[in-house]
file work.txt (compact mmCIF, C-alpha atoms)
# COMPACT_ATOMS: atom_id res chain seq x y z
CA MET A 1 53.93 11.96 -48.29
CA PRO A 2 51.15 9.28 -48.38
CA THR A 3 49.71 8.46 -51.78
CA ILE A 4 46.11 7.78 -52.77
CA GLY A 5 46.75 4.02 -52.76
CA ASP A 6 48.04 4.18 -49.20
CA GLU A 7 44.94 6.06 -48.13
CA LEU A 8 42.66 3.48 -49.76
CA ALA A 9 44.51 0.61 -48.12
CA ARG A 10 44.36 2.29 -44.73
CA ASN A 11 40.66 3.05 -45.13
CA SER A 12 39.87 -0.55 -46.20
CA LEU A 13 41.82 -1.88 -43.24
CA ILE A 14 39.99 0.45 -40.87
CA SER A 15 36.62 -0.55 -42.33
CA TRP A 16 37.54 -4.26 -42.10
CA ALA A 17 38.63 -3.90 -38.47
CA GLY A 18 35.64 -1.69 -37.63
CA GLN A 19 33.14 -4.44 -38.27
CA PHE A 20 34.54 -6.38 -35.29
CA SER A 21 34.00 -3.49 -32.81
CA GLY A 22 30.23 -3.78 -32.45
CA PRO A 23 28.30 -5.60 -29.73
CA GLN A 24 27.58 -8.56 -32.06
CA ALA A 25 31.29 -9.18 -32.59
CA LEU A 26 31.93 -8.90 -28.86
CA LEU A 27 29.17 -11.46 -28.22
CA GLU A 28 30.68 -13.91 -30.71
CA LEU A 29 34.15 -13.34 -29.28
CA GLY A 30 32.84 -14.07 -25.79
CA LEU A 31 31.17 -17.25 -27.02
CA VAL A 32 34.40 -18.41 -28.63
CA LEU A 33 36.46 -17.68 -25.48
CA LEU A 34 33.87 -19.39 -23.27
CA MET A 35 33.80 -22.43 -25.56
CA LEU A 36 37.62 -22.72 -25.51
CA PHE A 37 37.71 -22.39 -21.71
CA VAL A 38 35.05 -25.08 -21.22
CA LEU A 39 36.79 -27.42 -23.67
CA TRP A 40 40.15 -26.86 -21.98
CA GLY A 41 38.69 -27.66 -18.55
CA ALA A 42 36.86 -30.77 -19.83
CA LEU A 43 39.96 -32.13 -21.60
CA ARG A 44 42.11 -31.44 -18.56
CA ALA A 45 39.67 -33.36 -16.34
CA LEU A 46 39.57 -36.19 -18.89
CA LYS A 47 43.36 -36.38 -18.96
CA ARG A 48 43.53 -36.58 -15.18
CA GLY A 49 40.73 -39.15 -15.06
CA LEU A 50 42.57 -41.37 -17.55
CA ASP A 51 45.83 -40.83 -15.63
CA TYR A 52 47.43 -40.06 -18.98
CA ASP A 53 50.88 -38.56 -18.43
CA ASN A 54 52.60 -38.38 -21.80
CA PRO A 55 54.11 -34.98 -22.68
CA ASP A 56 54.58 -36.04 -26.31
CA SER A 57 50.93 -37.01 -26.75
CA VAL A 58 49.42 -35.96 -30.08
CA LEU A 59 45.88 -35.73 -28.69
CA PHE A 60 46.43 -33.94 -25.36
CA GLY A 61 49.91 -32.46 -25.73
CA ARG A 62 51.74 -31.22 -22.66
CA HIS A 63 49.30 -28.45 -21.62
CA ILE A 64 46.06 -29.41 -23.47
CA TYR A 65 46.21 -26.28 -25.68
CA ASP A 66 49.22 -27.66 -27.57
CA GLY A 67 47.44 -30.88 -28.50
CA VAL A 68 45.11 -31.81 -31.36
CA LEU A 69 41.91 -32.47 -29.42
CA LEU A 70 41.28 -28.85 -28.33
CA PRO A 71 41.29 -27.25 -31.81
CA LEU A 72 39.56 -30.29 -33.32
CA LEU A 73 36.63 -30.13 -30.91
CA ALA A 74 36.52 -26.34 -31.17
CA VAL A 75 36.27 -26.45 -34.97
CA GLY A 76 33.49 -29.03 -34.71
CA LEU A 77 31.51 -26.96 -32.22
CA LEU A 78 31.95 -23.81 -34.32
CA ALA A 79 30.64 -25.67 -37.35
CA ILE A 80 27.48 -26.45 -35.35
CA LEU A 81 27.19 -23.04 -33.65
CA GLN A 82 27.72 -20.86 -36.74
CA PRO A 83 24.52 -21.78 -38.68
CA LEU A 84 22.47 -21.57 -35.47
CA LEU A 85 23.73 -18.07 -34.69
CA ALA A 86 23.31 -16.97 -38.31
CA ARG A 87 19.54 -17.30 -37.92
CA VAL A 88 19.55 -14.58 -35.25
CA GLN A 89 22.26 -12.18 -36.41
CA PRO A 90 25.02 -11.91 -39.00
CA VAL A 91 28.13 -13.81 -37.93
CA LEU A 92 31.43 -11.93 -38.03
CA VAL A 93 33.93 -13.49 -35.62
CA LEU A 94 32.99 -17.15 -35.90
CA PRO A 95 34.32 -17.65 -39.48
CA LEU A 96 37.58 -15.96 -38.49
CA ALA A 97 37.87 -18.08 -35.33
CA SER A 98 37.08 -21.21 -37.32
CA ALA A 99 39.86 -20.42 -39.83
CA LEU A 100 42.39 -19.73 -37.06
CA LEU A 101 41.49 -22.88 -35.15
CA THR A 102 41.64 -24.97 -38.33
CA SER A 103 45.12 -23.66 -39.06
CA LEU A 104 46.12 -24.39 -35.45
CA LEU A 105 44.73 -27.93 -35.81
CA LEU A 106 46.75 -28.57 -38.96
CA ILE A 107 49.91 -27.17 -37.41
CA GLN A 108 49.56 -29.21 -34.22
CA LEU A 109 48.78 -32.33 -36.23
CA GLY A 110 51.81 -31.96 -38.49
CA VAL A 111 54.28 -31.02 -35.77
CA LYS A 112 53.13 -33.59 -33.19
CA VAL A 113 52.88 -36.47 -35.66
CA LEU A 114 56.32 -35.81 -37.13
CA LYS A 115 57.87 -35.71 -33.66
CA ALA A 116 56.05 -38.91 -32.65
CA ALA A 117 56.87 -40.80 -35.87
CA PHE A 118 60.52 -39.65 -36.11
CA PRO A 119 61.74 -39.00 -32.55
CA GLY A 120 65.10 -37.32 -32.20
CA LYS A 121 65.50 -36.46 -35.91
CA ALA A 122 67.20 -33.12 -36.59
CA TRP A 123 65.19 -32.37 -39.73
CA VAL A 124 61.82 -32.51 -37.95
CA GLN A 125 62.16 -29.04 -36.40
CA PRO A 126 62.77 -27.05 -39.65
CA ILE A 127 60.04 -28.95 -41.48
CA SER A 128 57.59 -28.28 -38.64
CA ARG A 129 58.48 -24.59 -38.71
CA SER A 130 57.97 -24.47 -42.49
CA ILE A 131 54.55 -26.13 -42.14
CA SER A 132 53.54 -23.55 -39.54
CA TRP A 133 54.61 -20.59 -41.69
CA LEU A 134 52.84 -21.94 -44.77
CA ILE A 135 49.56 -22.52 -42.92
CA TRP A 136 49.60 -19.16 -41.16
CA GLY A 137 50.46 -17.41 -44.43
CA TRP A 138 47.54 -19.04 -46.22
CA VAL A 139 45.16 -18.10 -43.38
CA ALA A 140 46.35 -14.50 -43.56
CA LEU A 141 45.70 -14.41 -47.31
CA TRP A 142 42.26 -15.91 -46.79
CA ILE A 143 41.34 -13.40 -44.07
CA VAL A 144 42.24 -10.35 -46.18
CA GLY A 145 40.23 -11.73 -49.10
CA LEU A 146 43.01 -12.86 -51.43
CA GLY A 147 42.36 -16.57 -50.92
CA PRO A 148 39.41 -16.96 -53.33
CA THR A 149 41.22 -14.94 -55.99
CA ILE A 150 44.32 -17.14 -55.76
CA LEU A 151 42.17 -20.27 -55.96
CA ARG A 152 40.46 -19.03 -59.13
CA GLU A 153 43.81 -18.29 -60.75
CA LEU A 154 45.15 -21.71 -59.82
CA ASP A 155 42.00 -23.34 -61.15
CA ALA A 156 42.55 -21.65 -64.52
CA ILE A 157 45.94 -23.33 -64.99
CA THR A 158 45.22 -26.79 -66.43
CA TRP A 159 46.96 -29.52 -68.42
CA THR A 160 46.24 -33.12 -69.36
CA ILE A 161 47.51 -36.15 -67.44
CA GLY A 162 46.55 -39.57 -68.73
CA GLY A 163 43.85 -38.13 -71.00
CA SER A 164 42.13 -36.24 -68.15
CA PRO A 165 42.36 -32.46 -67.60
CA VAL A 166 43.90 -31.59 -64.25
CA SER A 167 44.17 -28.10 -62.80
CA LEU A 168 46.96 -26.79 -60.64
CA ARG A 169 44.48 -26.17 -57.85
CA ARG A 170 43.39 -29.79 -57.98
CA LEU A 171 46.98 -30.98 -57.78
CA LEU A 172 47.73 -28.72 -54.82
CA GLU A 173 44.57 -29.87 -53.05
CA SER A 174 45.52 -33.49 -53.68
CA ALA A 175 49.03 -32.79 -52.36
CA VAL A 176 47.59 -31.29 -49.18
CA THR A 177 45.21 -34.26 -48.87
CA ALA A 178 48.11 -36.66 -49.38
CA VAL A 179 50.12 -34.89 -46.68
CA ILE A 180 47.17 -35.07 -44.26
CA PHE A 181 46.60 -38.76 -44.99
CA LEU A 182 50.32 -39.49 -44.65
CA LEU A 183 50.43 -37.66 -41.33
CA VAL A 184 47.42 -39.59 -40.06
CA SER A 185 49.01 -42.82 -41.33
CA LEU A 186 52.28 -42.03 -39.57
CA TRP A 187 50.36 -41.17 -36.42
CA GLY A 188 48.41 -44.42 -36.48
CA SER A 189 51.46 -46.51 -37.29
CA SER A 190 53.49 -44.87 -34.49
CA ILE A 191 50.70 -45.66 -32.00
CA ILE A 192 50.51 -49.27 -33.21
CA GLU A 193 54.30 -49.62 -33.11
CA LYS A 194 54.45 -48.38 -29.51
CA LYS A 195 51.73 -50.84 -28.52
CA LEU A 196 53.43 -53.73 -30.32
CA MET A 197 56.90 -52.94 -28.99
CA ALA A 198 55.65 -52.79 -25.39
CA PRO A 199 57.42 -55.33 -23.14
CA ALA A 200 54.08 -56.82 -22.09
CA ILE A 201 53.49 -58.25 -25.56
CA GLY A 202 54.56 -61.89 -25.71
CA ALA A 203 55.80 -61.99 -29.32
CA ARG A 204 59.47 -61.61 -30.18
CA PRO A 205 60.74 -58.05 -30.86
CA SER A 206 61.70 -58.90 -34.44
CA VAL A 207 58.18 -60.17 -35.20
CA ARG A 208 56.60 -57.13 -33.58
CA LYS A 209 58.87 -54.77 -35.54
CA ALA A 210 58.03 -56.55 -38.80
CA ILE A 211 54.29 -56.25 -38.10
CA ALA A 212 54.60 -52.55 -37.26
CA THR A 213 56.62 -51.85 -40.42
CA THR A 214 54.09 -53.70 -42.56
CA ILE A 215 51.18 -51.76 -41.05
CA ARG A 216 52.98 -48.47 -41.64
CA ALA A 217 53.66 -49.35 -45.29
CA VAL A 218 50.02 -50.38 -45.86
CA LEU A 219 48.68 -47.18 -44.28
CA LEU A 220 51.04 -45.01 -46.32
CA LEU A 221 50.03 -46.83 -49.51
CA ILE A 222 46.33 -46.26 -48.75
CA GLY A 223 46.96 -42.55 -48.16
CA LEU A 224 48.84 -42.25 -51.44
CA LEU A 225 46.09 -43.99 -53.42
CA VAL A 226 43.41 -41.78 -51.87
CA ALA A 227 45.43 -38.66 -52.73
CA LEU A 228 45.86 -39.77 -56.36
CA ASN A 229 42.15 -40.51 -56.64
CA MET A 230 41.23 -37.07 -55.30
CA ALA A 231 43.62 -35.49 -57.80
CA GLY A 232 41.54 -36.99 -60.61
CA ILE A 233 44.27 -39.37 -61.80
CA ASP A 234 42.86 -42.62 -63.13
CA LEU A 235 44.37 -45.41 -61.06
CA THR A 236 44.02 -47.84 -63.97
CA ALA A 237 46.89 -45.97 -65.62
CA LEU A 238 49.12 -47.45 -62.92
CA SER A 239 48.24 -51.03 -63.90
CA VAL A 240 51.23 -51.35 -66.27
CA PHE A 241 53.59 -50.04 -63.62
CA GLY A 242 51.97 -52.30 -61.04
CA GLY A 243 52.40 -55.33 -63.31
CA ALA A 244 56.08 -54.60 -63.89
CA LEU A 245 56.57 -54.02 -60.18
CA GLY A 246 54.84 -57.32 -59.42
CA VAL A 247 57.12 -59.20 -61.82
CA GLY A 248 60.20 -57.62 -60.25
CA ILE A 249 59.04 -58.43 -56.75
CA GLY A 250 58.22 -62.00 -57.82
CA LEU A 251 61.71 -62.53 -59.20
CA GLY A 252 63.29 -60.99 -56.12
CA LEU A 253 61.24 -63.15 -53.77
CA GLN A 254 61.76 -66.37 -55.73
CA ARG A 255 64.31 -67.79 -53.30
CA LEU A 256 62.23 -66.62 -50.35
CA ALA A 257 59.17 -68.39 -51.73
CA ALA A 258 61.25 -71.54 -52.33
CA ASN A 259 62.31 -71.52 -48.67
CA TYR A 260 58.70 -71.22 -47.52
CA VAL A 261 57.58 -74.04 -49.82
CA SER A 262 60.48 -76.21 -48.63
CA GLY A 263 59.55 -75.44 -45.04
CA PHE A 264 55.97 -76.52 -45.71
CA VAL A 265 57.25 -79.80 -47.18
CA LEU A 266 59.54 -80.43 -44.19
CA LEU A 267 56.80 -79.67 -41.69
CA THR A 268 54.38 -81.92 -43.56
CA GLU A 269 56.70 -84.90 -44.05
CA ARG A 270 58.24 -84.52 -40.56
CA ALA A 271 61.46 -86.13 -41.75
CA ILE A 272 63.35 -83.52 -39.73
CA ARG A 273 61.83 -82.26 -36.51
CA VAL A 274 62.71 -80.05 -33.57
CA GLY A 275 65.07 -81.92 -31.24
CA ASP A 276 66.83 -83.93 -33.97
CA VAL A 277 70.61 -83.83 -34.17
CA ILE A 278 71.66 -83.31 -37.79
CA ARG A 279 74.80 -82.48 -39.75
CA VAL A 280 74.40 -80.23 -42.78
CA ASN A 281 77.15 -78.50 -44.75
CA GLY A 282 79.71 -79.53 -42.12
CA PHE A 283 77.75 -78.07 -39.19
CA GLU A 284 76.39 -80.44 -36.54
CA GLY A 285 73.88 -79.52 -33.87
CA THR A 286 70.39 -79.87 -32.46
CA ILE A 287 67.38 -78.34 -34.19
CA THR A 288 65.89 -75.90 -31.69
CA GLU A 289 63.35 -74.14 -33.92
CA MET A 290 61.72 -74.56 -37.30
CA SER A 291 59.96 -71.45 -38.62
CA GLY A 292 58.32 -70.98 -41.98
CA ARG A 293 61.58 -70.01 -43.72
CA TYR A 294 64.52 -71.44 -41.77
CA ALA A 295 65.65 -73.93 -39.15
CA SER A 296 67.73 -72.90 -36.16
CA ILE A 297 70.50 -75.39 -35.28
CA MET A 298 72.39 -75.09 -31.99
CA ALA A 299 75.79 -76.78 -31.71
CA SER A 300 77.17 -78.17 -28.47
CA SER A 301 79.76 -75.37 -28.45
CA GLY A 302 77.01 -72.77 -28.23
CA ARG A 303 77.24 -71.62 -31.85
CA GLN A 304 73.95 -71.25 -33.69
CA ALA A 305 73.33 -71.66 -37.40
CA ILE A 306 70.32 -70.34 -39.33
CA VAL A 307 69.81 -72.80 -42.19
CA PRO A 308 67.24 -72.00 -44.93
CA HIS A 309 64.76 -74.77 -45.60
CA GLU A 310 65.82 -74.91 -49.24
CA MET A 311 69.26 -76.17 -48.16
CA LEU A 312 67.67 -78.91 -46.06
CA THR A 313 65.62 -80.17 -49.01
CA ASN A 314 68.18 -79.80 -51.83
CA SER A 315 71.34 -81.10 -50.12
CA MET A 316 72.31 -84.19 -48.17
CA VAL A 317 71.47 -83.96 -44.49
CA GLU A 318 73.00 -86.47 -42.08
CA LYS A 319 70.61 -87.21 -39.25
CA VAL A 320 72.69 -88.19 -36.25
CA SER A 321 69.73 -88.90 -33.98
CA THR A 322 67.30 -91.49 -35.30
CA GLU A 323 64.14 -93.15 -34.07
CA GLN A 324 66.30 -95.72 -32.24
CA SER A 325 67.01 -94.96 -28.62
CA ASN A 326 70.68 -96.10 -28.80
CA ALA A 327 73.33 -94.57 -31.05
CA LEU A 328 76.56 -96.41 -31.98
CA GLN A 329 79.83 -94.47 -31.71
CA SER A 330 83.41 -95.61 -32.24
CA THR A 331 87.09 -94.73 -31.94
CA SER A 332 90.24 -96.41 -33.40
CA LEU A 333 93.81 -96.98 -32.17
CA LEU A 334 96.87 -98.59 -33.82
CA ILE A 335 99.10 -100.87 -31.68
CA THR A 336 102.31 -102.72 -32.54
CA HIS A 337 102.46 -106.43 -33.48
CA GLY A 338 104.24 -107.51 -30.33
CA ASN A 339 101.42 -106.55 -27.94
CA ASP A 340 98.90 -108.92 -26.36
CA LEU A 341 95.86 -108.43 -28.60
CA ALA A 342 93.35 -109.85 -26.11
CA LEU A 343 94.70 -107.66 -23.31
CA ALA A 344 94.51 -104.55 -25.50
CA GLN A 345 90.90 -105.33 -26.41
CA GLN A 346 90.00 -105.92 -22.79
CA LEU A 347 91.57 -102.63 -21.70
CA MET A 348 89.68 -100.70 -24.41
CA VAL A 349 86.34 -102.20 -23.36
CA GLN A 350 87.01 -101.45 -19.69
CA ALA A 351 87.92 -97.84 -20.53
CA ALA A 352 84.63 -97.41 -22.39
CA GLN A 353 82.61 -98.99 -19.59
CA ALA A 354 84.13 -96.54 -17.10
CA CYS A 355 82.52 -93.59 -18.93
CA ARG A 356 79.15 -92.57 -17.51
CA ARG A 357 77.43 -91.93 -20.85
CA VAL A 358 78.36 -95.31 -22.35
CA LEU A 359 75.58 -97.89 -22.05
CA ALA A 360 76.20 -101.22 -20.32
CA LYS A 361 73.69 -102.92 -22.62
CA PRO A 362 74.49 -103.29 -25.44
CA ALA A 363 78.00 -103.67 -24.06
CA PRO A 364 81.05 -102.08 -25.71
CA PHE A 365 83.06 -104.36 -28.01
CA THR A 366 86.23 -104.17 -30.10
CA THR A 367 87.00 -105.35 -33.59
CA LEU A 368 90.27 -105.84 -35.46
CA VAL A 369 89.58 -103.78 -38.55
CA ASN A 370 93.01 -103.76 -40.19
CA VAL A 371 96.34 -105.65 -40.12
CA SER A 372 99.24 -103.84 -41.76
CA PRO A 373 103.03 -103.75 -41.52
CA ASP A 374 102.64 -100.68 -39.31
CA GLY A 375 100.57 -102.47 -36.69
CA LEU A 376 97.15 -103.73 -35.63
CA GLU A 377 94.20 -101.31 -35.88
CA LEU A 378 91.61 -101.89 -33.17
CA LYS A 379 88.20 -100.23 -33.28
CA LEU A 380 86.25 -99.67 -30.07
CA ASN A 381 82.46 -99.59 -30.51
CA TYR A 382 80.13 -98.31 -27.80
CA TYR A 383 76.51 -97.21 -27.48
CA ILE A 384 75.05 -94.03 -25.95
CA ALA A 385 71.42 -93.05 -25.42
CA ASP A 386 71.72 -89.25 -25.09
CA VAL A 387 73.09 -88.33 -28.50
CA HIS A 388 70.72 -85.34 -28.61
CA LEU A 389 72.81 -83.70 -25.89
CA GLY A 390 75.80 -83.44 -28.24
CA GLY A 391 79.35 -83.44 -26.89
CA LEU A 392 80.35 -86.50 -28.93
CA GLU A 393 83.90 -85.27 -29.51
CA SER A 394 84.47 -84.66 -25.79
CA LEU A 395 83.15 -88.16 -25.01
CA ARG A 396 85.48 -89.70 -27.61
CA SER A 397 88.37 -87.73 -26.12
CA GLU A 398 87.52 -88.98 -22.61
CA ILE A 399 87.51 -92.60 -23.81
CA ASN A 400 90.78 -92.18 -25.72
CA LEU A 401 92.50 -90.71 -22.65
CA ALA A 402 91.27 -93.60 -20.53
CA VAL A 403 92.55 -96.13 -23.08
CA LEU A 404 95.97 -94.46 -23.29
CA LYS A 405 96.25 -94.47 -19.49
CA ALA A 406 95.36 -98.19 -19.36
CA PHE A 407 97.82 -98.99 -22.16
CA ALA A 408 100.62 -97.16 -20.36
CA ALA A 409 99.86 -99.02 -17.12
CA HIS A 410 99.96 -102.46 -18.79
CA GLY A 411 102.79 -101.88 -21.25
CA VAL A 412 100.75 -101.82 -24.46
CA THR A 413 102.57 -99.69 -27.03
CA LEU A 414 101.10 -97.72 -29.89
CA ALA A 415 102.41 -98.15 -33.42
CA THR A 416 103.71 -95.50 -35.77
CA THR A 417 103.01 -95.47 -39.48
CA SER A 418 105.74 -95.95 -42.04
CA GLN A 419 105.45 -92.32 -43.01
CA SER A 420 106.36 -91.23 -39.45
CA ILE A 421 110.00 -90.19 -38.90
CA ASN A 422 111.42 -89.85 -35.40
CA TRP A 423 114.18 -87.41 -34.41
CA GLY A 424 116.94 -90.04 -34.54
CA GLN A 425 116.00 -91.00 -38.08
CA LEU A 426 115.91 -87.31 -39.06
CA GLN A 427 119.45 -86.77 -37.67
CA ALA A 428 120.67 -89.81 -39.60
CA LEU A 429 119.22 -88.44 -42.80
CA PHE A 430 120.90 -85.06 -42.24
CA ALA A 431 124.23 -86.81 -41.55
CA GLN A 432 123.91 -88.91 -44.67
CA ALA A 433 123.11 -85.85 -46.72
CA GLY A 434 126.19 -84.08 -45.31
CA HIS A 435 128.57 -86.97 -46.14
CA ALA A 436 127.16 -87.57 -49.60
CA PRO A 437 129.06 -84.77 -51.35
CA ALA A 438 132.39 -85.85 -49.80
CA ALA A 439 131.88 -89.42 -50.93
CA SER A 440 131.11 -88.20 -54.35
CA ASP A 441 134.27 -86.10 -54.47
CA GLY A 442 136.41 -89.02 -53.40
CA ALA A 443 135.01 -91.17 -56.11
CA SER A 444 135.84 -88.56 -58.69
CA ASP A 445 139.43 -88.24 -57.50
CA THR A 446 139.90 -91.96 -57.75
call {"tool": "encode", "arguments": {"input": "work.txt", "output": "structure tokens"}}
result
Amino acid sequence: MPTIGDELARNSLISWAGQFSGPQALLELGLVLLMLFVLWGALRALKRGLDYDNPDSVLFGRHIYDGVLLPLLAVGLLAILQPLLARVQPVLVLPLASALLTSLLLIQLGVKVLKAAFPGKAWVQPISRSISWLIWGWVALWIVGLGPTILRELDAITWTIGGSPVSLRRLLESAVTAVIFLLVSLWGSSIIEKKLMAPAIGARPSVRKAIATTIRAVLLLIGLLVALNMAGIDLTALSVFGGALGVGIGLGLQRLAANYVSGFVLLTERAIRVGDVIRVNGFEGTITEMSGRYASIMASSGRQAIVPHEMLTNSMVEKVSTEQSNALQSTSLLITHGNDLALAQQLMVQAAQACRRVLAKPAPFTTLVNVSPDGLELKLNYYIADVHLGGLESLRSEINLAVLKAFAAHGVTLATTSQSINWGQLQALFAQAGHAPAASDGASDT
């Protein structure tokens, strides 16, 4: 059996719905439908004229009505049309249509921006659904007249933050503002990132990604500061936190700053330049790039080393390639005393001259660098002009093989050091070690 409260609620609902059944409400409803149809047709023609075919577009969407432009333009036109129509007759439908379109705009903005900023993420769908339910719920409360009452109750709940009174309504409004600014920031940063990461851009992908990430962080920081300011929080209260954060960042970036300063010194002094062949920390190669923070060194084997500039300024760097056009290289061999020294030297020079990279002038020459009981140590010296090409070990190997072949053809023998033991000597040692115990036993029996 219905109660008195149920009757009052039903009567208030009937009276609320009855005000939209007159000819004035039908006129406003027709104006709203006509405006939406005209906007839809204009945006569709604009999309075709721009040849814009992006189903994930935030502005146009897939079918125009699921984008942001349609409700945005509709809300703007309603804001202009409502005061003009209020001069002629009381407006009934336009405020309701404006509230519904505003809620649709916020929903489309949140859902589209989250999908564009975080494509393929599983958590985007439930968050988008939650945003839709919250906005539609608040619009429903506002339509039935509970919205102003809830706002007054929220405004009555206050406390002090940083010496300034802040109400719960103000905090919620600032939170909503922060969310809107963050969504707009994410939208803008996603657009900029897509433009920067396009293949037509000439910069390297890593540089483009770094620029896009920096822009996104700056936009998000601006949105957060605007939200805190609208909440009534004095931003000077964050100065202590900002100072501590600056000190921490400064300590963390100390080595990075040292690399940039060292790079500036290297680029200014030009002691090491692109194209030089250097050896640092046991790694030898050609400098292919010098950025603000590091130098890229490519070895002849294809390996690449990224060396910070601080290492190039604080440690010893051997510069293989110098300002001189010719670079002196050498290799050493040990021959026995019974060989013809002049013949051996001649064969070594001829082997070096047969190599294509060895220069004819200055001509290769040999020196007797050491005389020892093990043999005669000869050093072959030769000049090359293309040291920047690398491959010095392979060139030395080619010369050594040519020398060994010439020695074998002319009977020049290589010497062995006194520490070297051949297989016959090793067998003799084992035999001596095997007979030693027997000799010792015999001596004891005697």
call {"tool": "atom_distance", "arguments": {"input": "work.txt", "atom1": "CA of Val139 (chain A)", "atom2": "CA of Ala99 (chain A)"}}
result
6.8 Å
call {"tool": "atom_distance", "arguments": {"input": "work.txt", "atom1": "CA of Tyr260 (chain A)", "atom2": "CA of Arg293 (chain A)"}}
result
4.9 Å
call {"tool": "atom_distance", "arguments": {"input": "work.txt", "atom1": "CA of Val68 (chain A)", "atom2": "CA of Met35 (chain A)"}}
result
15.8 Å
call {"tool": "closest_residue", "arguments": {"input": "work.txt", "among": "A:Ile399, A:Val113, A:Leu186, A:Ile191", "to": "Leu221 (chain A)", "atoms": "only C-alpha atoms"}}
result
A:Leu186
call {"tool": "closest_residue", "arguments": {"input": "work.txt", "among": "A:Thr102, A:Thr160, A:Ser300, A:Thr149", "to": "Glu393 (chain A)", "atoms": "all atoms listed in the file"}}
result
A:Ser300
call {"tool": "residues_around", "arguments": {"input": "work.txt", "residues": "Val307 (chain A)", "least_positions_apart": "5", "cutoff": "8 Å", "atoms": "only C-alpha atoms", "output": "compact mmCIF listing (two decimals) with C-alpha atoms, in the coordinates of the input"}}
result
# COMPACT_ATOMS: atom_id res chain seq x y z
CA TYR A 294 64.52 -71.44 -41.77
CA ALA A 295 65.65 -73.93 -39.15
CA SER A 296 67.73 -72.90 -36.16
CA ILE A 297 70.50 -75.39 -35.28
CA LEU A 312 67.67 -78.91 -46.06
call {"tool": "residues_near_point", "arguments": {"input": "work.txt", "point": "(73.6, -82.4, -34.7)", "cutoff": "12 Å", "atoms": "only C-alpha atoms", "output": "NGL selection string"}}
result
:A and (272-288 or 296-301 or 303-305 or 317-322 or 386-393)
